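**Q** Mind having a look at this structure? Questions to follow.
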Amino acid sequence: MSTSYPPYEERSSDSPLVHSFGWGCTEREGVTPMNADSQCYLLITYQDGKTRVALGGAVTKTWYMPYSAGGEWLGIRFTTGTFMPHMPTNCLVNNLIYLPEAAGNRFWLNGCAWEVPALENADSFVKRLLQEEVLVHDPLLNAVLCDQPQDVSFSTVRRRFLRASGVTPGVMHQIQRARKAALLLKNGVSILDTVYETGYFDQPHLTRSLKHFMGYTPAQLLRAYSL
């Protein structure tokens with residue numbers, strides 16, 4: 001079984017709570033790497049006439065998700081700090097939790113039956129989640145990650161990071177640094193310049209971080225995106 005990213009498309013959203021919507025299909029079976037990320041997301045899969053809805057959380061190490069041929073999917077990736085307060089985020093870290101099905105193309109979420117969204121009404125679906133307070137946002141996370149001074153204690157910051165994301169501020173900083181390094185390498189920046197730009201101690205430090213968080217070494221990323 002091959003390891004690859006199946007073809008997909010992506011678009012942004014007008015909602016400040018949504019980072020992006022993604023969708024695609026799987027022509028053959030395979031396994032896709034799930035690389036480090038700090039956002040929660042909702043994933044809808046369509047396979048053999050069956051629809052499944054799942055919630056996922058922060059990814060703190062590369063793991064692999066199998067997929068089958070002939071499937072379709074829609075993903076809603078929320079912004080950092082956006083979460084569902086009724087769902088303990090620590091249970092979502094490096095994990096997918098499938099939500100119970102309800103009758104009539106619906107699924108159960110926070111005690112209510114919700115219609116499974118499609119790409120065409122995904123923005124309205126997110127707006128309803130916000131109105132019903134099923135989805136909330138804590139702006140503290142982005143403020144801390146942007147090094148903005150906060151008039152709260154470190155323990156409060158840590159508690160709110162864990163509540164909104166399931167991970168500590170330190171882990172989230174590491175994830176974002178690894179993602180930035182991977183993006184620089186994909187854009188053709190040299191390994192040594194990437195080490196400097198992202199504040200790693202040296203090249204071995206960068207290599208260990210990318211292997212853990214992104215599943216590839218810097219050299220592998222450079223080769224993959226120079227073809």
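Residue numbering restarts at 1 for every chain of the structure tokens, chains are lettered A, B, ... in their displayed order, and ligands are numbered from 1 as they appear.
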DSSP on the backbone, strand (DSSP E or B) only: what residues of stretch 15-58 of chain A does that give? Format it as a PyMOL selection string.
**A** chain A and resi 18-26+30-34+37+41-47+50-56
**Q** Could you list, as a ChimeraX atom specification, every residue within 9 Å of A:Arg28, counting only C-alpha atoms and ignoring same-chain residues fewer than 6 positions away?
**A** /A:6,67-71
**Q** Find, counting only C-alpha atoms, the residue in A:Val53, A:Leu74, A:Ala102, A:Val136 that gets nearest to A:Cys25.
**A**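 Smallest distance to A:Cys25 is found for A:Leu74.
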**Q** From the set A:Gly24, A:Val157, A:Tyr64, A:Thr89, which residue has the shortest atom-to-atom contact distance to A:Arg11, counting only C-alpha atoms?
**A**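 Counting only C-alpha atoms, the residue closest to A:Arg11 is A:Gly24.
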**Q** Tell me which protein, DNA and RNA residues are within 12 Å of A:Asn187, counting only C-alpha atoms, leaving out same-chain ones fewer than 2 positions away, and put them as number ranges by chain.
**A** A: 180-185, 189-191, 193-194, 221-226
**Q** To test your reading of the structure, identify every residue in stretch 18-198 of chain A that backbone DSSP assigns to helix (DSSP H, G or I), and report it as a short mmCIF file (atom, residue, chain, number, x, y, z; two decimals) with all heavy atoms, in the first residue's frame.
**A**
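Result went into result-v7.cif, see below:
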data_model
loop_
_atom_site.label_atom_id
_atom_site.label_comp_id
_atom_site.auth_asym_id
_atom_site.auth_seq_id
_atom_site.Cartn_x
_atom_site.Cartn_y
_atom_site.Cartn_z
N THR A 89 -10.36 18.21 24.35
CA THR A 89 -9.40 18.24 23.25
C THR A 89 -8.24 17.27 23.43
O THR A 89 -7.64 16.84 22.45
CB THR A 89 -8.85 19.67 23.06
OG1 THR A 89 -8.39 20.16 24.32
CG2 THR A 89 -9.91 20.60 22.51
N ASN A 90 -7.93 16.90 24.68
CA ASN A 90 -6.83 15.95 24.87
C ASN A 90 -7.16 14.59 24.26
O ASN A 90 -6.26 13.84 23.88
CB ASN A 90 -6.51 15.80 26.36
CG ASN A 90 -7.66 15.22 27.15
OD1 ASN A 90 -8.78 15.74 27.10
ND2 ASN A 90 -7.41 14.17 27.91
N CYS A 91 -8.46 14.28 24.13
CA CYS A 91 -8.86 13.01 23.51
C CYS A 91 -8.71 13.04 21.99
O CYS A 91 -8.73 11.99 21.34
CB CYS A 91 -10.31 12.69 23.86
SG CYS A 91 -10.62 12.42 25.61
N LEU A 119 -19.82 21.01 0.81
CA LEU A 119 -18.96 22.16 0.57
C LEU A 119 -19.79 23.43 0.36
O LEU A 119 -19.41 24.52 0.82
CB LEU A 119 -18.07 21.90 -0.64
CG LEU A 119 -17.09 23.01 -1.03
CD1 LEU A 119 -16.09 23.26 0.10
CD2 LEU A 119 -16.35 22.65 -2.32
N GLU A 120 -20.93 23.29 -0.31
CA GLU A 120 -21.75 24.45 -0.66
C GLU A 120 -22.32 25.15 0.58
O GLU A 120 -22.57 26.37 0.54
CB GLU A 120 -22.90 24.03 -1.58
CG GLU A 120 -22.45 23.55 -2.96
CD GLU A 120 -21.85 22.15 -2.93
OE1 GLU A 120 -22.09 21.43 -1.93
OE2 GLU A 120 -21.12 21.79 -3.88
N ASN A 121 -22.59 24.41 1.64
CA ASN A 121 -23.17 25.05 2.83
C ASN A 121 -22.27 24.95 4.06
O ASN A 121 -22.73 25.11 5.19
CB ASN A 121 -24.55 24.46 3.13
CG ASN A 121 -24.48 22.98 3.51
OD1 ASN A 121 -23.41 22.37 3.51
ND2 ASN A 121 -25.62 22.40 3.84
N ALA A 122 -20.99 24.69 3.84
CA ALA A 122 -20.06 24.51 4.97
C ALA A 122 -19.92 25.78 5.79
O ALA A 122 -19.82 25.74 7.02
CB ALA A 122 -18.70 24.04 4.46
N ASP A 123 -19.91 26.95 5.13
CA ASP A 123 -19.81 28.21 5.88
C ASP A 123 -21.02 28.41 6.78
O ASP A 123 -20.89 28.85 7.93
CB ASP A 123 -19.68 29.39 4.91
CG ASP A 123 -18.28 29.52 4.33
OD1 ASP A 123 -17.34 29.78 5.11
OD2 ASP A 123 -18.12 29.36 3.12
N SER A 124 -22.21 28.10 6.26
CA SER A 124 -23.42 28.23 7.07
C SER A 124 -23.42 27.25 8.23
O SER A 124 -23.88 27.58 9.33
CB SER A 124 -24.66 27.99 6.19
OG SER A 124 -24.74 28.95 5.15
N PHE A 125 -22.89 26.05 7.98
CA PHE A 125 -22.79 25.05 9.03
C PHE A 125 -21.92 25.55 10.18
O PHE A 125 -22.29 25.45 11.36
CB PHE A 125 -22.22 23.76 8.44
CG PHE A 125 -21.86 22.71 9.44
CD1 PHE A 125 -22.85 21.97 10.09
CD2 PHE A 125 -20.53 22.45 9.75
CE1 PHE A 125 -22.52 21.00 11.02
CE2 PHE A 125 -20.20 21.47 10.67
CZ PHE A 125 -21.20 20.75 11.31
N VAL A 126 -20.77 26.12 9.86
CA VAL A 126 -19.86 26.66 10.88
C VAL A 126 -20.53 27.81 11.63
O VAL A 126 -20.41 27.93 12.86
CB VAL A 126 -18.53 27.11 10.25
CG1 VAL A 126 -17.67 27.85 11.28
CG2 VAL A 126 -17.77 25.91 9.69
N LYS A 127 -21.25 28.65 10.91
CA LYS A 127 -21.95 29.77 11.55
C LYS A 127 -22.98 29.27 12.56
O LYS A 127 -23.12 29.82 13.66
CB LYS A 127 -22.63 30.62 10.47
CG LYS A 127 -23.28 31.89 11.02
CD LYS A 127 -23.87 32.73 9.89
CE LYS A 127 -24.51 34.00 10.43
NZ LYS A 127 -25.07 34.84 9.32
N ARG A 128 -23.68 28.21 12.22
CA ARG A 128 -24.66 27.63 13.15
C ARG A 128 -23.97 27.04 14.38
O ARG A 128 -24.46 27.18 15.50
CB ARG A 128 -25.48 26.56 12.44
CG ARG A 128 -26.56 27.08 11.51
CD ARG A 128 -27.44 25.95 11.05
NE ARG A 128 -28.03 25.26 12.18
CZ ARG A 128 -28.27 23.94 12.20
NH1 ARG A 128 -27.93 23.18 11.16
NH2 ARG A 128 -28.83 23.39 13.25
N LEU A 129 -22.83 26.39 14.17
CA LEU A 129 -22.08 25.85 15.30
C LEU A 129 -21.70 26.96 16.28
O LEU A 129 -21.77 26.80 17.50
CB LEU A 129 -20.82 25.13 14.82
CG LEU A 129 -20.98 23.83 14.05
CD1 LEU A 129 -19.62 23.33 13.59
CD2 LEU A 129 -21.67 22.76 14.89
N LEU A 130 -21.30 28.10 15.72
CA LEU A 130 -20.92 29.24 16.55
C LEU A 130 -22.14 29.81 17.28
O LEU A 130 -22.08 30.11 18.47
CB LEU A 130 -20.27 30.32 15.68
CG LEU A 130 -19.83 31.60 16.38
CD1 LEU A 130 -18.78 31.31 17.45
CD2 LEU A 130 -19.29 32.60 15.37
N GLN A 131 -23.25 29.95 16.57
CA GLN A 131 -24.46 30.50 17.17
C GLN A 131 -24.96 29.63 18.32
O GLN A 131 -25.46 30.14 19.33
CB GLN A 131 -25.55 30.65 16.10
CG GLN A 131 -25.28 31.74 15.09
CD GLN A 131 -26.26 31.74 13.94
OE1 GLN A 131 -26.94 30.75 13.67
NE2 GLN A 131 -26.36 32.87 13.24
N LEU A 140 -6.48 33.99 22.98
CA LEU A 140 -5.22 34.01 23.72
C LEU A 140 -4.14 33.19 23.02
O LEU A 140 -2.97 33.56 23.05
CB LEU A 140 -5.45 33.48 25.14
CG LEU A 140 -4.19 33.38 26.02
CD1 LEU A 140 -3.73 34.76 26.45
CD2 LEU A 140 -4.45 32.51 27.24
N LEU A 141 -4.53 32.08 22.39
CA LEU A 141 -3.53 31.20 21.80
C LEU A 141 -2.72 31.91 20.73
O LEU A 141 -1.48 31.89 20.75
CB LEU A 141 -4.18 29.94 21.22
CG LEU A 141 -4.44 28.81 22.23
CD1 LEU A 141 -5.56 29.18 23.20
CD2 LEU A 141 -4.78 27.50 21.52
N ASN A 142 -3.40 32.55 19.78
CA ASN A 142 -2.67 33.27 18.73
C ASN A 142 -1.86 34.42 19.29
O ASN A 142 -0.75 34.70 18.83
CB ASN A 142 -3.64 33.78 17.67
CG ASN A 142 -3.93 32.74 16.60
OD1 ASN A 142 -3.05 31.97 16.21
ND2 ASN A 142 -5.16 32.70 16.13
N ALA A 143 -2.41 35.10 20.29
CA ALA A 143 -1.69 36.23 20.89
C ALA A 143 -0.37 35.76 21.51
O ALA A 143 0.68 36.40 21.34
CB ALA A 143 -2.56 36.91 21.94
N VAL A 144 -0.41 34.65 22.22
CA VAL A 144 0.80 34.11 22.83
C VAL A 144 1.78 33.64 21.77
O VAL A 144 2.99 33.89 21.85
CB VAL A 144 0.45 32.95 23.80
CG1 VAL A 144 1.71 32.23 24.26
CG2 VAL A 144 -0.31 33.49 25.00
N LEU A 145 1.28 32.97 20.74
CA LEU A 145 2.15 32.47 19.68
C LEU A 145 2.79 33.60 18.89
O LEU A 145 3.86 33.42 18.30
CB LEU A 145 1.35 31.56 18.74
CG LEU A 145 0.87 30.24 19.35
CD1 LEU A 145 -0.09 29.53 18.42
CD2 LEU A 145 2.06 29.33 19.68
N PHE A 154 1.44 32.33 33.78
CA PHE A 154 1.83 31.23 32.89
C PHE A 154 0.90 30.03 33.08
O PHE A 154 0.55 29.35 32.12
CB PHE A 154 3.28 30.81 33.16
CG PHE A 154 3.68 29.59 32.37
CD1 PHE A 154 3.98 29.68 31.02
CD2 PHE A 154 3.74 28.34 32.99
CE1 PHE A 154 4.33 28.55 30.29
CE2 PHE A 154 4.09 27.21 32.26
CZ PHE A 154 4.39 27.32 30.91
N SER A 155 0.49 29.78 34.32
CA SER A 155 -0.40 28.64 34.58
C SER A 155 -1.74 28.83 33.88
O SER A 155 -2.34 27.86 33.39
CB SER A 155 -0.60 28.43 36.08
OG SER A 155 -1.20 29.57 36.67
N THR A 156 -2.23 30.09 33.83
CA THR A 156 -3.47 30.36 33.12
C THR A 156 -3.30 30.15 31.62
O THR A 156 -4.17 29.56 30.96
CB THR A 156 -3.94 31.81 33.39
OG1 THR A 156 -4.21 31.96 34.78
CG2 THR A 156 -5.18 32.14 32.58
N VAL A 157 -2.19 30.64 31.08
CA VAL A 157 -1.91 30.43 29.65
C VAL A 157 -1.85 28.93 29.34
O VAL A 157 -2.48 28.46 28.37
CB VAL A 157 -0.58 31.11 29.25
CG1 VAL A 157 -0.16 30.68 27.85
CG2 VAL A 157 -0.70 32.62 29.34
N ARG A 158 -1.15 28.19 30.16
CA ARG A 158 -1.01 26.75 29.92
C ARG A 158 -2.37 26.05 29.99
O ARG A 158 -2.69 25.20 29.15
CB ARG A 158 -0.05 26.14 30.95
CG ARG A 158 0.33 24.70 30.68
CD ARG A 158 1.34 24.21 31.70
NE ARG A 158 1.89 22.92 31.34
CZ ARG A 158 1.29 21.77 31.62
NH1 ARG A 158 0.12 21.75 32.24
NH2 ARG A 158 1.84 20.63 31.26
N ARG A 159 -3.18 26.43 30.98
CA ARG A 159 -4.49 25.81 31.14
C ARG A 159 -5.38 26.09 29.93
O ARG A 159 -6.07 25.20 29.44
CB ARG A 159 -5.16 26.33 32.41
CG ARG A 159 -6.59 25.83 32.61
CD ARG A 159 -7.16 26.30 33.93
NE ARG A 159 -7.03 27.74 34.13
CZ ARG A 159 -7.85 28.64 33.56
NH1 ARG A 159 -8.84 28.23 32.79
NH2 ARG A 159 -7.68 29.92 33.80
N ARG A 160 -5.34 27.32 29.43
CA ARG A 160 -6.18 27.66 28.28
C ARG A 160 -5.68 27.02 26.99
O ARG A 160 -6.48 26.64 26.12
CB ARG A 160 -6.30 29.18 28.16
CG ARG A 160 -7.19 29.75 29.26
CD ARG A 160 -7.20 31.25 29.33
NE ARG A 160 -7.69 31.91 28.13
CZ ARG A 160 -7.91 33.23 28.06
NH1 ARG A 160 -7.66 34.00 29.13
NH2 ARG A 160 -8.34 33.78 26.95
N PHE A 161 -4.38 26.86 26.84
CA PHE A 161 -3.85 26.12 25.69
C PHE A 161 -4.32 24.68 25.73
O PHE A 161 -4.76 24.13 24.71
CB PHE A 161 -2.32 26.17 25.69
CG PHE A 161 -1.74 27.24 24.81
CD1 PHE A 161 -1.74 28.57 25.20
CD2 PHE A 161 -1.19 26.92 23.58
CE1 PHE A 161 -1.21 29.56 24.40
CE2 PHE A 161 -0.65 27.91 22.76
CZ PHE A 161 -0.66 29.23 23.17
N LEU A 162 -4.23 24.06 26.90
CA LEU A 162 -4.64 22.66 27.01
C LEU A 162 -6.14 22.52 26.76
O LEU A 162 -6.58 21.54 26.13
CB LEU A 162 -4.27 22.12 28.39
CG LEU A 162 -2.78 21.88 28.64
CD1 LEU A 162 -2.52 21.57 30.10
CD2 LEU A 162 -2.29 20.72 27.76
N ARG A 163 -6.94 23.45 27.23
CA ARG A 163 -8.38 23.37 27.03
C ARG A 163 -8.75 23.53 25.56
O ARG A 163 -9.62 22.84 25.05
CB ARG A 163 -9.09 24.45 27.86
CG ARG A 163 -10.61 24.44 27.71
CD ARG A 163 -11.27 25.35 28.72
NE ARG A 163 -12.72 25.30 28.62
CZ ARG A 163 -13.46 26.21 27.98
NH1 ARG A 163 -12.87 27.26 27.41
NH2 ARG A 163 -14.78 26.10 27.93
N ALA A 164 -8.08 24.46 24.86
CA ALA A 164 -8.46 24.77 23.48
C ALA A 164 -7.79 23.86 22.46
O ALA A 164 -8.32 23.69 21.35
CB ALA A 164 -8.12 26.22 23.16
N SER A 165 -6.65 23.27 22.81
CA SER A 165 -5.92 22.49 21.81
C SER A 165 -5.48 21.11 22.27
O SER A 165 -5.16 20.26 21.45
CB SER A 165 -4.68 23.26 21.37
OG SER A 165 -3.72 23.34 22.43
N PRO A 169 1.72 25.29 25.41
CA PRO A 169 2.29 26.33 24.54
C PRO A 169 3.62 25.91 23.92
O PRO A 169 3.88 26.19 22.75
CB PRO A 169 2.46 27.52 25.48
CG PRO A 169 1.49 27.31 26.59
CD PRO A 169 1.39 25.82 26.75
N GLY A 170 4.46 25.22 24.71
CA GLY A 170 5.75 24.80 24.19
C GLY A 170 5.62 23.84 23.02
O GLY A 170 6.33 23.97 22.01
N VAL A 171 4.73 22.87 23.12
CA VAL A 171 4.53 21.91 22.03
C VAL A 171 3.99 22.62 20.79
O VAL A 171 4.42 22.36 19.66
CB VAL A 171 3.58 20.78 22.47
CG1 VAL A 171 3.16 19.93 21.28
CG2 VAL A 171 4.25 19.91 23.52
N MET A 172 3.06 23.55 20.99
CA MET A 172 2.50 24.25 19.84
C MET A 172 3.55 25.12 19.15
O MET A 172 3.58 25.22 17.92
CB MET A 172 1.30 25.10 20.24
CG MET A 172 0.50 25.58 19.04
SD MET A 172 -1.08 26.35 19.45
CE MET A 172 -2.03 24.91 19.94
N HIS A 173 4.43 25.74 19.92
CA HIS A 173 5.54 26.49 19.32
C HIS A 173 6.41 25.57 18.47
O HIS A 173 6.82 25.94 17.36
CB HIS A 173 6.39 27.15 20.41
CG HIS A 173 5.94 28.51 20.81
ND1 HIS A 173 5.98 29.60 19.97
CD2 HIS A 173 5.42 28.98 21.99
CE1 HIS A 173 5.53 30.67 20.59
NE2 HIS A 173 5.17 30.33 21.81
N GLN A 174 6.71 24.38 18.97
CA GLN A 174 7.52 23.44 18.22
C GLN A 174 6.83 23.02 16.92
O GLN A 174 7.47 22.89 15.87
CB GLN A 174 7.81 22.21 19.07
CG GLN A 174 8.72 22.46 20.25
CD GLN A 174 8.96 21.20 21.05
OE1 GLN A 174 9.34 20.17 20.51
NE2 GLN A 174 8.71 21.26 22.35
N ILE A 175 5.53 22.77 16.99
CA ILE A 175 4.77 22.39 15.80
C ILE A 175 4.83 23.50 14.76
O ILE A 175 5.12 23.25 13.58
CB ILE A 175 3.31 22.08 16.16
CG1 ILE A 175 3.21 20.80 16.98
CG2 ILE A 175 2.45 21.97 14.90
CD1 ILE A 175 1.84 20.52 17.56
N GLN A 176 4.58 24.73 15.18
CA GLN A 176 4.55 25.83 14.23
C GLN A 176 5.94 26.09 13.64
O GLN A 176 6.07 26.44 12.47
CB GLN A 176 3.98 27.07 14.90
CG GLN A 176 2.52 26.91 15.30
CD GLN A 176 1.75 28.21 15.31
OE1 GLN A 176 2.33 29.30 15.35
NE2 GLN A 176 0.44 28.10 15.26
N ARG A 177 6.97 25.91 14.45
CA ARG A 177 8.32 26.10 13.93
C ARG A 177 8.65 25.04 12.89
O ARG A 177 9.24 25.34 11.84
CB ARG A 177 9.35 26.07 15.06
CG ARG A 177 10.77 26.26 14.56
CD ARG A 177 11.74 26.58 15.67
NE ARG A 177 11.88 25.50 16.63
CZ ARG A 177 12.85 25.45 17.54
NH1 ARG A 177 13.74 26.43 17.62
NH2 ARG A 177 12.92 24.45 18.40
N ALA A 178 8.27 23.79 13.15
CA ALA A 178 8.52 22.71 12.19
C ALA A 178 7.76 22.95 10.89
O ALA A 178 8.29 22.72 9.79
CB ALA A 178 8.15 21.36 12.80
N ARG A 179 6.52 23.40 11.00
CA ARG A 179 5.73 23.67 9.79
C ARG A 179 6.35 24.83 8.99
O ARG A 179 6.37 24.80 7.75
CB ARG A 179 4.29 23.99 10.16
CG ARG A 179 3.52 22.76 10.67
CD ARG A 179 2.07 23.12 11.00
NE ARG A 179 1.36 23.53 9.81
CZ ARG A 179 0.76 22.69 8.96
NH1 ARG A 179 0.82 21.38 9.16
NH2 ARG A 179 0.12 23.13 7.90
N LYS A 180 6.83 25.85 9.69
CA LYS A 180 7.47 26.97 9.00
C LYS A 180 8.74 26.49 8.28
O LYS A 180 9.00 26.87 7.13
CB LYS A 180 7.82 28.08 9.98
CG LYS A 180 8.52 29.28 9.33
CD LYS A 180 8.87 30.35 10.36
CE LYS A 180 9.61 31.51 9.68
NZ LYS A 180 9.97 32.57 10.67
N ALA A 181 9.54 25.65 8.96
CA ALA A 181 10.76 25.13 8.34
C ALA A 181 10.43 24.30 7.11
O ALA A 181 11.10 24.42 6.07
CB ALA A 181 11.53 24.29 9.36
N ALA A 182 9.40 23.46 7.20
CA ALA A 182 9.02 22.64 6.06
C ALA A 182 8.58 23.51 4.89
O ALA A 182 8.92 23.24 3.73
CB ALA A 182 7.90 21.68 6.45
N LEU A 183 7.84 24.59 5.17
CA LEU A 183 7.40 25.49 4.11
C LEU A 183 8.58 26.19 3.44
O LEU A 183 8.61 26.33 2.21
CB LEU A 183 6.42 26.51 4.69
CG LEU A 183 5.83 27.52 3.69
CD1 LEU A 183 5.03 26.80 2.62
CD2 LEU A 183 4.95 28.53 4.42
N LEU A 184 9.55 26.62 4.24
CA LEU A 184 10.74 27.26 3.67
C LEU A 184 11.48 26.30 2.73
O LEU A 184 11.88 26.68 1.63
CB LEU A 184 11.68 27.73 4.79
CG LEU A 184 11.20 28.91 5.63
CD1 LEU A 184 12.14 29.14 6.81
CD2 LEU A 184 11.11 30.18 4.79
N LEU A 185 11.64 25.06 3.17
CA LEU A 185 12.33 24.07 2.35
C LEU A 185 11.56 23.79 1.07
O LEU A 185 12.15 23.65 -0.02
CB LEU A 185 12.55 22.79 3.14
CG LEU A 185 13.54 22.90 4.31
CD1 LEU A 185 13.41 21.70 5.24
CD2 LEU A 185 14.97 23.00 3.78
N LYS A 186 10.23 23.69 1.18
CA LYS A 186 9.40 23.45 -0.01
C LYS A 186 9.53 24.61 -1.00
O LYS A 186 9.39 24.42 -2.21
CB LYS A 186 7.94 23.27 0.41
CG LYS A 186 7.66 21.98 1.15
CD LYS A 186 6.23 21.93 1.63
CE LYS A 186 5.96 20.67 2.46
NZ LYS A 186 4.56 20.62 2.96
N ILE A 191 18.95 24.33 3.45
CA ILE A 191 18.84 23.77 4.80
C ILE A 191 19.48 24.70 5.83
O ILE A 191 18.89 24.98 6.88
CB ILE A 191 19.48 22.37 4.85
CG1 ILE A 191 18.66 21.39 4.00
CG2 ILE A 191 19.56 21.87 6.30
CD1 ILE A 191 19.27 20.00 3.91
N LEU A 192 20.67 25.20 5.54
CA LEU A 192 21.35 26.07 6.51
C LEU A 192 20.59 27.37 6.73
O LEU A 192 20.49 27.86 7.86
CB LEU A 192 22.78 26.35 6.04
CG LEU A 192 23.75 25.16 6.10
CD1 LEU A 192 25.12 25.56 5.61
CD2 LEU A 192 23.83 24.61 7.52
N ASP A 193 20.04 27.94 5.65
CA ASP A 193 19.26 29.17 5.81
C ASP A 193 17.97 28.89 6.59
O ASP A 193 17.51 29.74 7.37
CB ASP A 193 18.91 29.76 4.44
CG ASP A 193 20.11 30.46 3.80
OD1 ASP A 193 21.08 30.76 4.53
OD2 ASP A 193 20.08 30.70 2.58
N THR A 194 17.41 27.72 6.41
CA THR A 194 16.21 27.34 7.15
C THR A 194 16.51 27.20 8.64
O THR A 194 15.73 27.63 9.49
CB THR A 194 15.62 26.03 6.61
OG1 THR A 194 15.23 26.22 5.24
CG2 THR A 194 14.41 25.59 7.41
N VAL A 195 17.65 26.62 8.96
CA VAL A 195 18.08 26.52 10.35
C VAL A 195 18.15 27.91 10.97
O VAL A 195 17.63 28.16 12.08
CB VAL A 195 19.46 25.83 10.46
CG1 VAL A 195 20.03 25.97 11.87
CG2 VAL A 195 19.35 24.37 10.09
N TYR A 196 18.74 28.86 10.25
CA TYR A 196 18.88 30.22 10.75
C TYR A 196 17.53 30.92 10.89
O TYR A 196 17.24 31.56 11.92
CB TYR A 196 19.79 31.03 9.82
CG TYR A 196 19.91 32.49 10.17
CD1 TYR A 196 20.71 32.91 11.23
CD2 TYR A 196 19.18 33.44 9.46
CE1 TYR A 196 20.80 34.25 11.57
CE2 TYR A 196 19.26 34.79 9.79
CZ TYR A 196 20.07 35.19 10.85
OH TYR A 196 20.15 36.52 11.18
N GLU A 197 16.70 30.80 9.87
CA GLU A 197 15.41 31.51 9.84
C GLU A 197 14.46 31.02 10.93
O GLU A 197 13.62 31.79 11.42
CB GLU A 197 14.75 31.34 8.47
CG GLU A 197 15.41 32.09 7.33
CD GLU A 197 15.23 33.59 7.45
OE1 GLU A 197 14.24 34.03 8.07
OE2 GLU A 197 16.08 34.33 6.93
N THR A 198 14.56 29.76 11.30
CA THR A 198 13.59 29.20 12.25
C THR A 198 14.15 29.00 13.66
O THR A 198 13.43 28.56 14.55
CB THR A 198 13.07 27.84 11.73
OG1 THR A 198 14.17 27.01 11.37
CG2 THR A 198 12.18 28.04 10.51
#
**Q** What is the distance between atom CA of A:Val59 and atom CA of A:Cys40, in Å to one decimal?
**A**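 Spanning atom CA of A:Val59 to atom CA of A:Cys40 is a straight-line distance of 8.9 Å.
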**Q** Using only C-alpha atoms, find the one residue out of A:Ile76, A:Thr60, A:Val93, A:Gly49 that sits nearest to A:Gly22.
**A**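 Comparing A:Ile76, A:Thr60, A:Val93, A:Gly49 against A:Gly22, the winner is A:Ile76.
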**Q** Rounded to one decimal, what separation in Å do you get between atom CA of A:Glu29 and atom CA of A:Pro66?
**A** 7.6 Å
